[in-house]
Every structure is written in C-alpha cells, then in structure tokens.
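Below is one structure, written out as structure tokens, with a few remarks after it.
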Amino acid sequence: MTTLIAGANVPVPAGDLTVVVRWAAGAHGYGASAVDASALLVTAAGRVRSDDDFVFYNQPQAAGGAVAHHVGQAGSEYLRVRPEGLPADVDRVVVAASVHTGTFAAVAGLALDLVDAHGTVTATFPVQAHGAETVMVLGELYRRQGAWKLRAIGQGYDSGLAGLATDYGVSIAEEDPTPAPPPGVLPASPPPPPDRWAPPAYADDATMRLPNPADDADTAGLPPNMGALVSLRKETVRVTLEKKGMTGVRARVAVVLDRSGSMRSLYGGGTVGRLIERMAPIAAKLDSDGSLDAWIFADEFARLPSFRVPELARWIDSHVYILSKGQQVPPLPDGSRRHPDTLAHVRGGNNEPPVIRDILDFYTSRPGDPVLVIFFSDGGINRSKEIGRLLTEAARFPVFWQFVGLGRADYGVLEKFDTMPGRVVDNAGFFQVDDFDKVPDGELYDRLLGEFPQWIAAARAQGIVR
C-alpha cells in the first residue's frame, strides 16, 4: 500500500475501483461529526457538463452508474467507480467530503483509500484538516495518457457543499429573479474572485510517496501519516543543521506552549497539535536521547512530561488541549474527556515570568548539554520589564530562548531582543508567523535554528558553553 501526501499522485489498478472516505466515528456513529462523501464528474475545463454530474446522497449515481455513492459502516462512505464506463469527455472524478454540522476540527482520522477490484487497499491519503473547513476536496481520479491516476489534494472550503458545487459549475437553487435556464443547461458562471479558492489546475505532479514509518524505529508505532511526516522532518532538520555547520552538536530541547484564552482557536483547530508534531523532530536530531521537554502556561504554568517521538501521538492527545465554554478542545479521538484534568488551573491570560524562571531553575540544576527553548506565544505581552530582567540574568547560563509569535498581537520586549542591553551574550531571538500551518518545514526549521549557531559560538567564547 502507498501512503500519499497532498499533491502526490499514483497510478490506479486496472478494473473497477472503490474510493473510500473514512473517519473515526467514535461513540457518536452518524451523529454530529458524521461525514458525507460526494463526487463531481468534470471535463478538462474543470466544470461539470450538467447538474447530473454531481454525485451525493440525494443523487447517488452519474454516467449510467459509472460513479455511484454508497453508505458504508459507521465511519465510512464510498464511491464505486467504473473508469471504463465514464464518458470520453469526463476528464476527472473529484472526490469530496462534507460534515453535517460544525467543521472538520471535530472529525478525527479523516482519510481517503483507493481499493482495487479484489478488495485490496492500494493507496491511502491521511487528510490534514485545519479546523474551519466544512467541505474538503480529498482527491481526484484523472486521465493521463490513456490511463487513470489518483491525486491527493486535501483542500478545504468553509462555504459548505454549495461552495464546492458552485466552483465546479453545478447550479445551486436560490431565490433569484433571473429566469431559470432550460433543464440540463448550466448558466454561465463567472470565475471565482481572487481571494477565493479555485479548483486546482490540472498538473501531472511527480509522485510523492511517504517513507515507510516501519523503517524508522522512532516512528514505527505512530499513525502512518504522522510517522511518515516525522521521518521526512527529521531529515529536513538534519539538512538544516548541516547547512548551519552544526553536524554533531548536541543540545537539550524544550517547547513552551501558550494556553491563554486567546489561543482557543489554535488549539481547537489542531494547530498546536501540529506544532508539536513539527517540534519533536528537532529534539530527535539534537538531543542525545531524542527527548523533548515541555511546559505550558497562562496565568499559571505546568511542567509537562518529557517525551520522545514514539510517544508523540499519545502525548498530544493527553496534553495539547484547552478549555472553551466548559469543554476540552480538541476532544480526545473517541470524544471522551481527559480525566482527571491535570491542566485545569492553566488558564487565563499571559504570565511568562514564572514559567521562564522555572525553566531556568530546571536546567541550571541539571548541568549538561546546552539548551534550546522554543517558546510559542500569541502575544499580549504585558510584563516586558520582568521578562527583560530574567533573560538578562539567564544570559550567563547555557540556555538559548527562541520565541515564536503566532499571529499579529503585541509582543512587547520579544521584538526588542536585538537591541536589549546588559547581556553577556545575545541569548534570545524572536520571529512572528501569521499562519503557522502555511510555513513549509524547511523554512520553519531554518528560522527556528537561525540564531542558535551564533549563540553557541558566542557562548563558547565566553565559557558559558563548553
């Protein structure tokens, strides 16, 4: 079986196909987080020929049954596709999914599977939803030089099934004084405005197959997509360290998570969990035992258990959540609550000094390799003087502080490290990202590790680092 990432393509087997849309239904079965599969038969121009080319629960067949919608067991729906039965002017079969209510933030384990005529899963695409989507274009079957391929897409809409249908040329009934066109004739649709997502242009992208997680002892026990991405990211970190002349450098790595109330959407949409997925490979390559230390803070703070890559998925489920209107978001994959809630006291606003002090005390009482602290905050910094005093004091110790701003809020002293006087060495850096999920891995690791090599050199010169 081939595991794909977004943008990848793979040839499909000969014969009839089944395209399965599946998710972790949990205890709710077909409840609030249920997912509906759908398909659009489109031409080379990226448009349906008529409304009859839209296959969904209320119109379960198209092209004489060449594409048919079926409901599977709890947590799955599927499309039967007979490629040989598709009309010659149908260039692609676009496969999508939509939620009944809410968004895909509440849907765990979303994936697209390709099954051959013998019932064997030949390819799978674990889909990464970012939270606000109500509809996802999961992938497409498309013709290429007389054969068919599957392309993984994973693009979301927040405009519902109507938005998806409209972008592909399906007419949506609305109260409109304009006379209706004759049956079977689609009205001309203007192109989507520049700030709205349009269906991806046809391209024969190079096949991108993820490494087999079983080949990496660190990732063998993780969910396939998570494990494969961690393997790729470990290699990206290795290349980044090599470019910066840090091959063989060892450092302890810590991550600090902002849990103030303004972070609710980043927790609920899964951004903070994905953030941790991208930090673990840094520790895997830098730390002598591959472990990542962690803290979380708001008005109060908590020191979280250290973990290594094999515990990544379980650690995220256990510790990466926030309270919103009395609910834990995101919920556990099965919909249950974390009990006991050991982080109930970590709430409110931003209070960085106590967690900075605890981190400093923790590492100075445990001599060893230098430390890289990656500190995430969405801003609202209001204790700049106290933070400045602490970091000035901390400059005498082998700890480098890399602050990362998530959003556009006020960051106070964090933006003034380059000019902050009184420190033996420059022991802190800051950069800001407007949308963490959109920063490519290579760019992210370059920025996270950008000032660390200079600090290592300066700290060695001062005898702070051996």
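We name chains A, B, ... following the order of the structure tokens; residues begin at 1 in each chain, and ligands are numbered from 1 as shown.
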Q.
Would you pick out the contacts of Glu311 (chain A) at 9 Å or less, using only C-alpha atoms, so that residues sharing its chain but fewer than 5 positions from it are not included, and give the list as a ChimeraX atom specification?
A. /A:221-222,316
**Q.** Distance query Pro83 (chain A) at most 10 Å, only C-alpha atoms, self and fewer than 3 positions along chain excluded, as a PyMOL selection string
**A.** chain A and resi 14-17+66-67+80+86-87+90+93+141-143+147-148
Output of the above residues as an mmCIF file, in the first residue's frame, restricted to N, CA, C and O atoms:
data_model
loop_
_atom_site.group_PDB
_atom_site.id
_atom_site.type_symbol
_atom_site.label_atom_id
_atom_site.label_comp_id
_atom_site.auth_asym_id
_atom_site.auth_seq_id
_atom_site.Cartn_x
_atom_site.Cartn_y
_atom_site.Cartn_z
ATOM 1 N N ALA A 14 -5.988 -1.567 -12.725
ATOM 2 C CA ALA A 14 -6.975 -1.780 -13.772
ATOM 3 C C ALA A 14 -8.268 -2.321 -13.159
ATOM 4 O O ALA A 14 -8.265 -2.922 -12.086
ATOM 5 N N GLY A 15 -9.364 -2.085 -13.845
ATOM 6 C CA GLY A 15 -10.645 -2.619 -13.390
ATOM 7 C C GLY A 15 -11.433 -1.626 -12.561
ATOM 8 O O GLY A 15 -11.076 -0.456 -12.430
ATOM 9 N N ASP A 16 -12.530 -2.120 -12.001
ATOM 10 C CA ASP A 16 -13.383 -1.274 -11.185
ATOM 11 C C ASP A 16 -12.673 -0.872 -9.898
ATOM 12 O O ASP A 16 -11.837 -1.624 -9.367
ATOM 13 N N LEU A 17 -13.036 0.298 -9.387
ATOM 14 C CA LEU A 17 -12.376 0.859 -8.212
ATOM 15 C C LEU A 17 -13.407 1.226 -7.151
ATOM 16 O O LEU A 17 -14.562 1.523 -7.469
ATOM 17 N N ALA A 66 -21.668 4.675 -13.672
ATOM 18 C CA ALA A 66 -20.201 4.551 -13.690
ATOM 19 C C ALA A 66 -19.588 5.111 -12.415
ATOM 20 O O ALA A 66 -18.492 4.706 -12.012
ATOM 21 N N VAL A 67 -20.292 6.033 -11.766
ATOM 22 C CA VAL A 67 -19.904 6.515 -10.441
ATOM 23 C C VAL A 67 -21.145 6.414 -9.553
ATOM 24 O O VAL A 67 -22.214 6.928 -9.927
ATOM 25 N N ARG A 80 -18.240 3.813 -5.805
ATOM 26 C CA ARG A 80 -17.842 2.810 -6.787
ATOM 27 C C ARG A 80 -17.604 3.527 -8.109
ATOM 28 O O ARG A 80 -18.443 4.299 -8.574
ATOM 29 N N LEU A 86 -16.891 5.562 -17.938
ATOM 30 C CA LEU A 86 -17.004 7.022 -17.922
ATOM 31 C C LEU A 86 -16.973 7.589 -19.337
ATOM 32 O O LEU A 86 -16.181 7.138 -20.175
ATOM 33 N N PRO A 87 -17.816 8.561 -19.637
ATOM 34 C CA PRO A 87 -17.804 9.184 -20.966
ATOM 35 C C PRO A 87 -16.433 9.766 -21.296
ATOM 36 O O PRO A 87 -15.683 10.184 -20.403
ATOM 37 N N VAL A 90 -15.348 13.126 -19.825
ATOM 38 C CA VAL A 90 -15.118 13.255 -18.380
ATOM 39 C C VAL A 90 -13.636 13.030 -18.129
ATOM 40 O O VAL A 90 -13.110 11.931 -18.344
ATOM 41 N N VAL A 93 -12.692 12.649 -11.908
ATOM 42 C CA VAL A 93 -13.725 12.404 -10.901
ATOM 43 C C VAL A 93 -13.181 12.969 -9.592
ATOM 44 O O VAL A 93 -12.238 12.432 -9.005
ATOM 45 N N LEU A 141 -9.581 11.215 -9.255
ATOM 46 C CA LEU A 141 -9.151 10.269 -10.276
ATOM 47 C C LEU A 141 -9.096 11.035 -11.584
ATOM 48 O O LEU A 141 -10.063 11.722 -11.949
ATOM 49 N N TYR A 142 -7.983 10.958 -12.312
ATOM 50 C CA TYR A 142 -7.878 11.733 -13.544
ATOM 51 C C TYR A 142 -7.186 10.926 -14.632
ATOM 52 O O TYR A 142 -6.387 10.024 -14.379
ATOM 53 N N ARG A 143 -7.545 11.250 -15.886
ATOM 54 C CA ARG A 143 -6.958 10.579 -17.046
ATOM 55 C C ARG A 143 -5.597 11.183 -17.351
ATOM 56 O O ARG A 143 -5.405 12.394 -17.305
ATOM 57 N N ALA A 147 -4.411 6.391 -19.333
ATOM 58 C CA ALA A 147 -4.520 5.637 -18.080
ATOM 59 C C ALA A 147 -5.123 6.560 -17.016
ATOM 60 O O ALA A 147 -5.279 7.765 -17.214
ATOM 61 N N TRP A 148 -5.433 5.968 -15.865
ATOM 62 C CA TRP A 148 -6.009 6.735 -14.769
ATOM 63 C C TRP A 148 -5.036 6.796 -13.602
ATOM 64 O O TRP A 148 -4.287 5.856 -13.349
#
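From CA of Asn225 (chain A) back to CA of Ala123 (chain A), the distance works out to 12.2 Å.
Assigned to strand (DSSP E or B) in region 62-95 of chain A, given DSSP computed from backbone atoms, are Ala62, Val67, Ala68, His69, His70, Val71, Ser76, Glu77, Tyr78, Leu79, Arg80, Val81, Arg92, Val93, Val94 and Val95 of chain A.
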**Q.** 9 Å contact set for region 124-135 of chain A, only C-alpha atoms, chain neighbours under 4 positions out, as a PyMOL selection string
**A.** chain A and resi 1-6+96-107+109-114+139+152-161+163-164+224-226+265-266+268-271+437
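Take CA of Val425 (chain A) and CA of Ile356 (chain A): the distance between them is 17.7 Å.
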